[in-house]
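Q: One structure coming up, written as structure tokens, with questions to follow.
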Amino acid sequence: MPLPLATPLPFDGIRVLDITNVWAGPHCTMLLADWGAEVIRVESTQVMAPNTRGHMVKVAKETPRLRKNWQMEYPDWDPGERPYNRYPIFQSHGRNKKGMTVDLRTEAGLRTFHQLIAVTDVFVENNVPQTIEKLHITYEELRRVRPDLIMLRMPAYGLSGPYKDYRSFGMQLEGTAGHTHIRGYADMDATSCDDVYMGDAAAGVSGAFAVAMALRHRHRTGKGQQIELAQVENFLPYLADPIMDYTMNRRVWSPLGNRHPWMAPHGVYRCRGEERWVAIAVANDAEWRALLHALGDPPWAGDSRFATSLARWRNQDVLDLLIEAWTSERDAGEAMRYLQAHGVRAGHVMDDRDLDDDPHINAAGFFQQLTHADAGTHRYPGLMWTAAETPNAIRTPPVRLGEHNAYVYLDLLGVAQAEYNERTQSGEIGEAYALHVP
């Protein structure tokens, strides 16, 4: 059952159609849904996006590598009969949404989508542009149905230019933006870098902000508009230091690892136990003295190689070994608390188990327990921020495929029951993928 909220939310009364994939687009619509928008995911029973909803039962059960990939680790290590409703990443961003199924490649499906657009405020998509063009659901076509429509388009590289129809996941986006290069280690090449998908998260937040501004503009002027959010362009300002250093000084940055362009010591240091670490950052001489005091003013404290910030920066290899001799004898959480008590910036490098058990996160009530019809009862990450005068929480668990077909077709669009039954029998409307979907 939805969680009732007494206080209206900022996006109450706003309807959003969602044809988004993987993370950037779904993250954007999650934020809109969290704060009151009626977000309706538009999906097809005839085509599956495996990086959005996971894999079918046969694939999930017969491919051993899927069990080793964190994205494929279904609840209780079992994909179940409907793995597309149990997929972990979708479980994270599918909350507070509704869902319906329709095949936009058919005449009836396109007609249904136009009927939805007529009663919709915002349409969000993050597909390669040619996909939207082939489906005939571009802004130019849809504004004829709803002149004040707001359409947010979030392709990797924009709606025009040489890269317009280049396909991209987060890995390609990170590489194109230069993030993969600078976050590696000086003694290793780019193959050592895992994926972090920072560009997806950044695009989701910017997309939600852009929609809020467009809604404000429409409220003032009555006009809708298309928003073009090229994900790589959105991400580039997050890399301001290396980009501006090159434009101003023609200097190309080398990979930094965990180090900093001017702070030292600055890194991640091994602690007691297997793969346990603490992050330490020292920005100036006063903080350096605080660190030395915390370490018990060791004999090497007066070494000329560490006398100034520049000297410490130039001798980081030696300095890191000396600091790690102290941290390696301590528990990571203990080291963090001890250093913090001495005025040193330090943080326990937590894994997912640590986060789930963290006293600060739990004192804040961040995790929220939800029961999902297909995935069971688990703790979920909560809202990204709170507002003192607007109480809020996760109201409904992640939406299942086609969960709200009856609401959309019968209540919202007024489709006759006979037509609804016929299209359900044909498989266009349903709560499971067609048998031919791999």
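We label chains A, B, ... in the order they appear in the structure tokens, count residues from 1 in each chain, and number ligands from 1 in the order shown.
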Taking only residues of region 6-53 of chain A that have an atom at most 12 Å from an atom of region 230-253 of chain A, what is each one's shortest atom pair and its distance in Å to one decimal, using only C-alpha atoms, in chain and number order, as CSV?

A:
residue,atom,partner,partner_atom,distance
A:Trp23,CA,A:Gln231,CA,11.8
A:Ala24,CA,A:Gln231,CA,8.5
A:Gly25,CA,A:Gln231,CA,10.2

Q: Which residues, written as a ChimeraX atom specification, have at least one atom at most 7 Å from region 130-145 of chain A, with only C-alpha atoms counted and residues fewer than 6 positions away on the same chain left out?

A: /A:104-105,114,117-118,151,165,226

Q: Could you write out that same residue set with C-alpha atoms as an mmCIF file, in the first residue's frame?

A:
data_model
loop_
_atom_site.group_PDB
_atom_site.id
_atom_site.type_symbol
_atom_site.label_atom_id
_atom_site.label_comp_id
_atom_site.auth_asym_id
_atom_site.auth_seq_id
_atom_site.Cartn_x
_atom_site.Cartn_y
_atom_site.Cartn_z
ATOM 1 C CA LEU A 104 5.343 1.808 -29.725
ATOM 2 C CA ARG A 105 6.310 0.076 -32.977
ATOM 3 C CA HIS A 114 -0.139 10.046 -28.169
ATOM 4 C CA ILE A 117 1.126 12.606 -24.128
ATOM 5 C CA ALA A 118 -2.118 14.597 -24.345
ATOM 6 C CA MET A 151 10.475 16.994 -23.176
ATOM 7 C CA ASP A 165 24.007 8.650 -32.873
ATOM 8 C CA GLN A 226 12.553 20.667 -25.351
#

Q: For region 217-222 of chain A, find every residue with an atom within 10 Å (counting only C-alpha atoms), except residues of its own chain fewer than 6 positions away, and show them as a ChimeraX atom specification.

A: /A:121,147-150,211

Q: For the residues in the current selection, export C-alpha atoms as a CSV table (one decimal), in the first residue's frame.

A:
chain,number,residue,atom,x,y,z
A,121,ASP,CA,3.3,17.4,-18.5
A,147,PRO,CA,1.8,22.1,-27.4
A,148,ASP,CA,2.9,22.9,-23.8
A,149,LEU,CA,4.8,19.6,-23.4
A,150,ILE,CA,8.2,19.6,-21.7
A,211,VAL,CA,12.6,19.8,-15.6

Q: State, in Å with one decimal place, the distance from CA of Arg95 (chain A) to CA of Pro397 (chain A).

A: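 The value is 4.9 Å.
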
Q: Just the number, please: distance in Å from CA of Ala190 (chain A) to CA of Gly161 (chain A), one decimal.

A: 27.0 Å
